[in-house]
Amino acid sequence: MLIILTCCLVLASVLILCVKRSRESFFLCGLSLSLLLEITGVMIFIAKKGGISPEVVQFLYFSRSIQQKVQFFLITFNQMGYLVALGRILFPYFLMRLALHYTMIPALRKNPRISMAVTVFPAVMLIVYLPWVYRLITGHFMRFQKIIADVNMIVLTIYLVTAVALLVYEYFSITMRFCRRQFSLIVICLISMTGLYCLYFQQDPGQVYHFYSYTYAWNRGIGYLQVNPSFGSYVTLVVISVICCVLGFVSIFRYTQENIMENREEVVMERKFDTARVGASMFVHSMKNQLLSSKVIFKRIDQLYDSPDMDKEKLREYVDALEELNGAILGRMEELYSFVKTNSIYIVPVTLKEIAQCTLERFHEKYPDVTVHVDVNEDTVVLADKIHFSEALYNLLINAQDAVVAAGREANGQVSLLSHNERLYTVLEVRDNGNGMTKTQRKKIFEPFYSSKNSNFNWGMGLYYVREIVKSHLGSIRVESKEGEGSSFFILLPKYQ
Amino acid sequence: MKFRKLVSGILAATMTAALLVGCSGSGETTADTTADTAAAGETAASAEPVTINVAYMPNYGSLWAIENAIAQGYMEEEGITVNLTEFQDGPTIIAAMESGSIDVGYIGQGAHKLCIEGQATIFALSHISNGDAVIGGEGITSIEDLAGKQVAYSSGSSSEDILVKTLDSAGMTMDDITPVDMDASAIVTAMLSGGVDACATWSPNSLTILDQDPNATKLSDNLTFQDDTISLASWIVMPEYAEANRDVLVRFTRALFKAMDYAADEHQEETAELVAARTATDAEAAYNQRGDAEWLTGKEVSEGAADGTVEGYYELQKQNLIDAGSVTLEEGEEAPAVSDYVMLDLMVEAGEY
């Protein structure tokens with residue numbers, strides 16, 4: 001059963017690697033594979049060794065006949081031993097690399113020397129445990145079995161403890177809820193896999209090579225060979241296995257799903273933007289209608305001039321109508337232009353104070369009487385195009401205020417502009433206590449030409465524009481919202497150091 | 001989302017099912033043990049009731065005495081309840097005894113070197129074994145044919161001993177063949193699938209190969225070298241256990257000896273059925289293993305322990321293992337006396353019934 005579940009973990013991690021080809025995915029895949037190797041090797045070894053109670057046989061192999069099939073599986077001691085060695089040594093290595101990948105501790109993060117240092121020991125041990133090398137070393141000097149087994153055990157334990165400590169420290173260092181939630185998935189998955197690994201961690205490969213001998217290595221790794229397990233130890237084995245497998249699998253599954261969703265979102269957005277042509281044709285159609293309306297008004301004005309007694313009031317009415325039409329056309333043109341002209345942006349170091357000021361100036365042009373609660377770290381510097389980025393924030397603030405108005409909470413409306421420093425990001429948050437969004441709305445808001453507001457004044461490019469601006473700053477945008485309670489938009493920009 | 005919930009549900013259900021299966025298995029075992037204890041309790045046991053965890057290997061030689069000791073009520077007479085656990089080899093049994101989960105165990109020839117080295121103490125001789133064999137596959141009908149061939153064996157076991165002796169008898173060494181080191185079960189698969197050319201293994205695997213491979217030829221067995229070697233099977237304990245529970249061991253050995261009297265020369269079919277039931281194998285296959293050894297009665301062992309015959313067996317075995325390099329002695333170190341690791345006096349005492 002453990003093997004089947006470990007296979008699932010491997011499949012999930014391979015899927016992540018396919019979706020997201022990053023170093024992190026590679027390490028995660030390596031971690032799952034090494035766990036599979038370890039468990040497979042140990043399961044074959046236990047089946048061949050025997051000495052386990054019927055309960056454990058059923059738990060590990062489902063039935064005695066399956067255990068006997070595994071027992072008769074054709075594999076040499078060298079192959080079986082190295083299988084265990086590969087899994088046992090590589091798991092802590094990949095776990096450590098992942099922990100170093102996630103850590104924000106400056107001295108450890110992306111430090112090539114440390115990466116190199118943590119690679120050396122596993123590489124040496126993989127050479128030492130090569131069957132012919134191991135037999136060469138220990139054949140003449142039996143005491144080396146003890147030395148190799150002890151050193152290996154101690155160092156691998158240090159790897160495991162350090163890696164888990166780094167992950168847990170990192171988890172508790174995160175203050176933002178959504179960041180912590182996402183990171184918790186990967187931490188739970190990694191700690192669960194470590195729990196599974198630890199169940200069979202004591203199995204020294206040297207013991208496998210010396211299958212029928214009794215050496216120092218023998219005394220290691222038989223902890224799980226509980227012949228007549230007490231109720232406590234049996235329950236511990238089952239419960240730890242079940243909890244670790246379920247948590248590990250569910251969290252890696254959700255993590256994979258999130259990665260796939262994120263990836264799919266990009267694809268969907270690109271596809272949606274293809275439909276911009278449809279939007280453009282709508283735009284042209286709308287312009288054409290308005291120009292046709294103008295034409296009709298011009299005709300009527302002509303008719304007025306032709307009449308012997310020109311009705312001046314009527315003329316004024318026509319001119320006003322023309323002016324209104326012209327204003328509407330200009331408004332739409334400006335909106336479209338502001339989107340089109342964002343093809344190039346100019347990114348320079350700029351403080352959050354400057355961005356906040358620029359944003360609020362624009363905001364107060366439209367809502368002079370509305371107070372925005374601002375709590376940004378004014379000295380924090382980000383790489384940004386001040387004008388465009390402020391324009392994006394302005395859009396979010398306008399939406400926030402509109403949401404407050406739509407909820408009828410003008411009197412106690414709260415629109416806030418906040419900043420956080422979280423892991424690798426400087427995060428800007430626009431929060432409101434407006435009417436919030438449904439799940440369906442949340443999924444659609446970043447699509448072009450989507451608007452939940454009056455379509456006479458909006459044509460649904462606002463949040464799409466914000467998203468494009470954020471993307472051009474190498475950042476990402478996330479939203480959290482509860483219908484009827486309010487929304488928070490988070491803009492994550494890479495930290496400038 | 002629905003798919004996620006479904007997968008989580010299936011997973012949880014699988015886990016729960018496994019848990020329940022495991023728990024039900026546990027319940028059955030407990031029930032069996034309770035039944036044995038109750039049965040023991042019903043008889044007027046003269047001694048204090050005791051439960052002993054016994055390690056065995058799934059073959060006739062390991063089970064012939066202990067199964068009869070239980071089935072014929074000899075253990076019950078001694079107030080002993082036996083919990084049997086299956087192992088595949090002696091070293092693992094010793095490791096389990098060290099961890100405290102096993103009290104007494106059965107070992108074949110290979111693991112005796114560990115007793116000489118002081119890892120365990122022998123308290124009863126089971127039989128003189130003839131189960132080890134070197135078997136050639138298709139086209140290999142003589143020891144000389146092994147030259148350059150892939151020969152499967154299990155290092156550190158009696159399989160290695162007999163292979164070395166067999167090669168030596170033809171003036172060859174391990175360097176003249178291509179040895180492939182694997183466990184006894186894998187050797188059966190390797191031979192039957194043609195993965196290796198020949199093998200050295202023990203019963204019942206040797207019998208399975210000879211039975212299922214029509215081209216297999218037995219090149220040698222323990223009898224081939226009986227003039228100057230001996231292969232023994234024994235019952236062992238940890239030295240500390242022996243010291244603290246001598247009385248229990250005497251009672252256990254007495255029950256074993258009575259069973260050996262019962263099954264050494266007769267009742268072999270009945271014994272084979274008991275063995276087959278325990279190992280979940282075919283009764284005929286178990287019956288065929290009756291030729292694997294010289295089955296001694298309990299009286300023969302006890303009397304042999306008294307007159308020095310048994311000590312002679314172990315002395316010869318010790319010399320064989322030292323000569324083969326299986327037992328390593330430091331320079332100037334003398335091999336321990338047989339009486340240091342074999343409880344000959346206990347065998348004598350247990351034979352007084």
# chains A, B, ... in the order shown; residues from 1 in each chain; ligands from 1
>>> closest_atom_pairs(of="chain A", to="chain B", cutoff="6 Å", atoms="only C-alpha atoms", output="tab-separated table")
residue	atom	partner	partner_atom	distance
A:Lys49	CA	B:Gln88	CA	5.3
A:Gly50	CA	B:Phe87	CA	4.6
A:Gly51	CA	B:Phe87	CA	4.5
A:Glu55	CA	B:Gly22	CA	5.0
A:Gln58	CA	B:Gly22	CA	5.8
A:Phe59	CA	B:Gly22	CA	5.6
A:Phe72	CA	B:Ser185	CA	4.8
A:Phe73	CA	B:Ala186	CA	5.7
A:Leu74	CA	B:Ala186	CA	4.6
A:Thr76	CA	B:Met182	CA	4.5
A:Phe77	CA	B:Met182	CA	5.1
A:Tyr212	CA	B:Gly156	CA	5.1
A:Ser213	CA	B:Gly156	CA	5.0
A:Tyr214	CA	B:Pro91	CA	5.7
A:Val227	CA	B:Ser101	CA	5.9
>>> select_by_dssp(residues="stretch 182-260 of chain B", states="strand (DSSP E or B)", output="PyMOL selection string")
chain B and resi 182+198-201+217-221+232-237
>>> residues_around(residues="B:Met343", least_positions_apart="4", cutoff="8 Å", atoms="only C-alpha atoms", output="PDB file with N, CA and C atoms, in the first residue's frame")
ATOM      1  N   THR B 121      23.332 -18.776  22.172  1.00  0.00           N
ATOM      2  CA  THR B 121      23.699 -20.049  22.805  1.00  0.00           C
ATOM      3  C   THR B 121      22.800 -21.168  22.289  1.00  0.00           C
ATOM      4  N   ILE B 122      23.409 -22.309  21.965  1.00  0.00           N
ATOM      5  CA  ILE B 122      22.636 -23.454  21.472  1.00  0.00           C
ATOM      6  C   ILE B 122      22.163 -24.272  22.674  1.00  0.00           C
ATOM      7  N   PHE B 123      20.862 -24.570  22.712  1.00  0.00           N
ATOM      8  CA  PHE B 123      20.399 -25.389  23.846  1.00  0.00           C
ATOM      9  C   PHE B 123      19.832 -26.738  23.408  1.00  0.00           C
ATOM     10  N   ALA B 124      19.678 -26.949  22.108  1.00  0.00           N
ATOM     11  CA  ALA B 124      19.231 -28.275  21.650  1.00  0.00           C
ATOM     12  C   ALA B 124      19.654 -28.514  20.212  1.00  0.00           C
ATOM     13  N   SER B 339      31.553 -26.332  24.666  1.00  0.00           N
ATOM     14  CA  SER B 339      30.719 -26.223  25.870  1.00  0.00           C
ATOM     15  C   SER B 339      30.447 -24.763  26.255  1.00  0.00           C
ATOM     16  N   MET B 347      20.709 -30.492  27.572  1.00  0.00           N
ATOM     17  CA  MET B 347      20.182 -31.562  26.717  1.00  0.00           C
ATOM     18  C   MET B 347      20.090 -32.868  27.503  1.00  0.00           C
TER      19      MET B 347
END
>>> residues_around(residues="B:Ala198", least_positions_apart="5", cutoff="8 Å", atoms="only C-alpha atoms", output="PyMOL selection string")
chain B and resi 134-137+140+146+149-152+191
>>> residues_around(residues="A:Val296", least_positions_apart="5", cutoff="12 Å", atoms="only C-alpha atoms", output="VMD selection string")
chain A and resid 289 to 291 301 to 303 318 321 to 322
>>> atom_distance(atom1="atom CA of A:Arg143", atom2="atom CA of B:Ala337")
25.4 Å
>>> residues_around(residues="stretch 299-308 of chain B", least_positions_apart="4", cutoff="8 Å", atoms="only C-alpha atoms", output="number ranges by chain")
B: 125, 257, 261, 312, 344-345, 347-351
>>> residues_around(residues="A:Leu36", least_positions_apart="5", cutoff="7 Å", atoms="only C-alpha atoms", output="MDAnalysis selection string")
chainID A and resid 3 6:7
>>> write_last_selection(atoms="C-alpha atoms", output="short mmCIF file (atom, residue, chain, number, x, y, z; two decimals), in the first residue's frame")
data_model
loop_
_atom_site.label_atom_id
_atom_site.label_comp_id
_atom_site.auth_asym_id
_atom_site.auth_seq_id
_atom_site.Cartn_x
_atom_site.Cartn_y
_atom_site.Cartn_z
CA ILE A 3 4.37 1.68 -2.55
CA THR A 6 4.33 6.65 -3.01
CA CYS A 7 3.79 6.02 -6.73
#
>>> atom_distance(atom1="atom CA of B:Ala264", atom2="atom CA of B:Thr297")
5.6 Å
>>> atom_distance(atom1="atom CA of A:Val84", atom2="atom CA of A:Gly248")
21.1 Å
>>> closest_residue(among="B:Asp132, B:Ser126, B:Ile116, B:Trp235", to="B:Asp340", atoms="only C-alpha atoms")
B:Ile116
>>> decode(residues="stretch 199-211 of chain A", atoms="N, CA, C and O atoms", output="tab-separated table (two decimals), in the first residue's frame")
chain	number	residue	atom	x	y	z
A	199	LEU	N	10.14	6.19	8.82
A	199	LEU	CA	9.70	4.87	9.27
A	199	LEU	C	10.72	3.79	8.89
A	199	LEU	O	10.89	2.80	9.59
A	200	TYR	N	11.38	3.99	7.76
A	200	TYR	CA	12.30	2.97	7.25
A	200	TYR	C	13.73	3.51	7.09
A	200	TYR	O	14.57	2.93	6.44
A	201	PHE	N	13.94	4.64	7.73
A	201	PHE	CA	15.19	5.37	7.58
A	201	PHE	C	16.39	4.61	8.13
A	201	PHE	O	17.51	4.73	7.63
A	202	GLN	N	16.15	3.78	9.16
A	202	GLN	CA	17.29	3.12	9.81
A	202	GLN	C	17.89	1.99	8.98
A	202	GLN	O	18.90	1.42	9.35
A	203	GLN	N	17.24	1.67	7.87
A	203	GLN	CA	17.71	0.54	7.08
A	203	GLN	C	19.03	0.86	6.39
A	203	GLN	O	19.04	1.55	5.37
A	204	ASP	N	20.11	0.37	6.93
A	204	ASP	CA	21.40	0.62	6.31
A	204	ASP	C	21.59	-0.31	5.11
A	204	ASP	O	21.32	-1.51	5.22
A	205	PRO	N	22.04	0.22	3.98
A	205	PRO	CA	22.23	-0.64	2.80
A	205	PRO	C	23.26	-1.75	3.06
A	205	PRO	O	23.19	-2.82	2.45
A	206	GLY	N	24.20	-1.47	3.95
A	206	GLY	CA	25.21	-2.49	4.27
A	206	GLY	C	24.56	-3.76	4.79
A	206	GLY	O	25.04	-4.87	4.54
A	207	GLN	N	23.48	-3.60	5.51
A	207	GLN	CA	22.75	-4.75	6.05
A	207	GLN	C	22.17	-5.58	4.91
A	207	GLN	O	22.09	-6.81	4.99
A	208	VAL	N	21.76	-4.89	3.84
A	208	VAL	CA	21.19	-5.61	2.69
A	208	VAL	C	22.29	-6.39	1.97
A	208	VAL	O	22.09	-7.54	1.58
A	209	TYR	N	23.45	-5.73	1.81
A	209	TYR	CA	24.56	-6.43	1.15
A	209	TYR	C	24.96	-7.68	1.95
A	209	TYR	O	25.34	-8.69	1.38
A	210	HIS	N	24.90	-7.57	3.28
A	210	HIS	CA	25.26	-8.70	4.14
A	210	HIS	C	23.99	-9.39	4.63
A	210	HIS	O	23.75	-9.50	5.83
A	211	PHE	N	23.18	-9.80	3.70
A	211	PHE	CA	21.84	-10.32	3.99
A	211	PHE	C	21.88	-11.47	4.99
A	211	PHE	O	21.07	-11.55	5.90
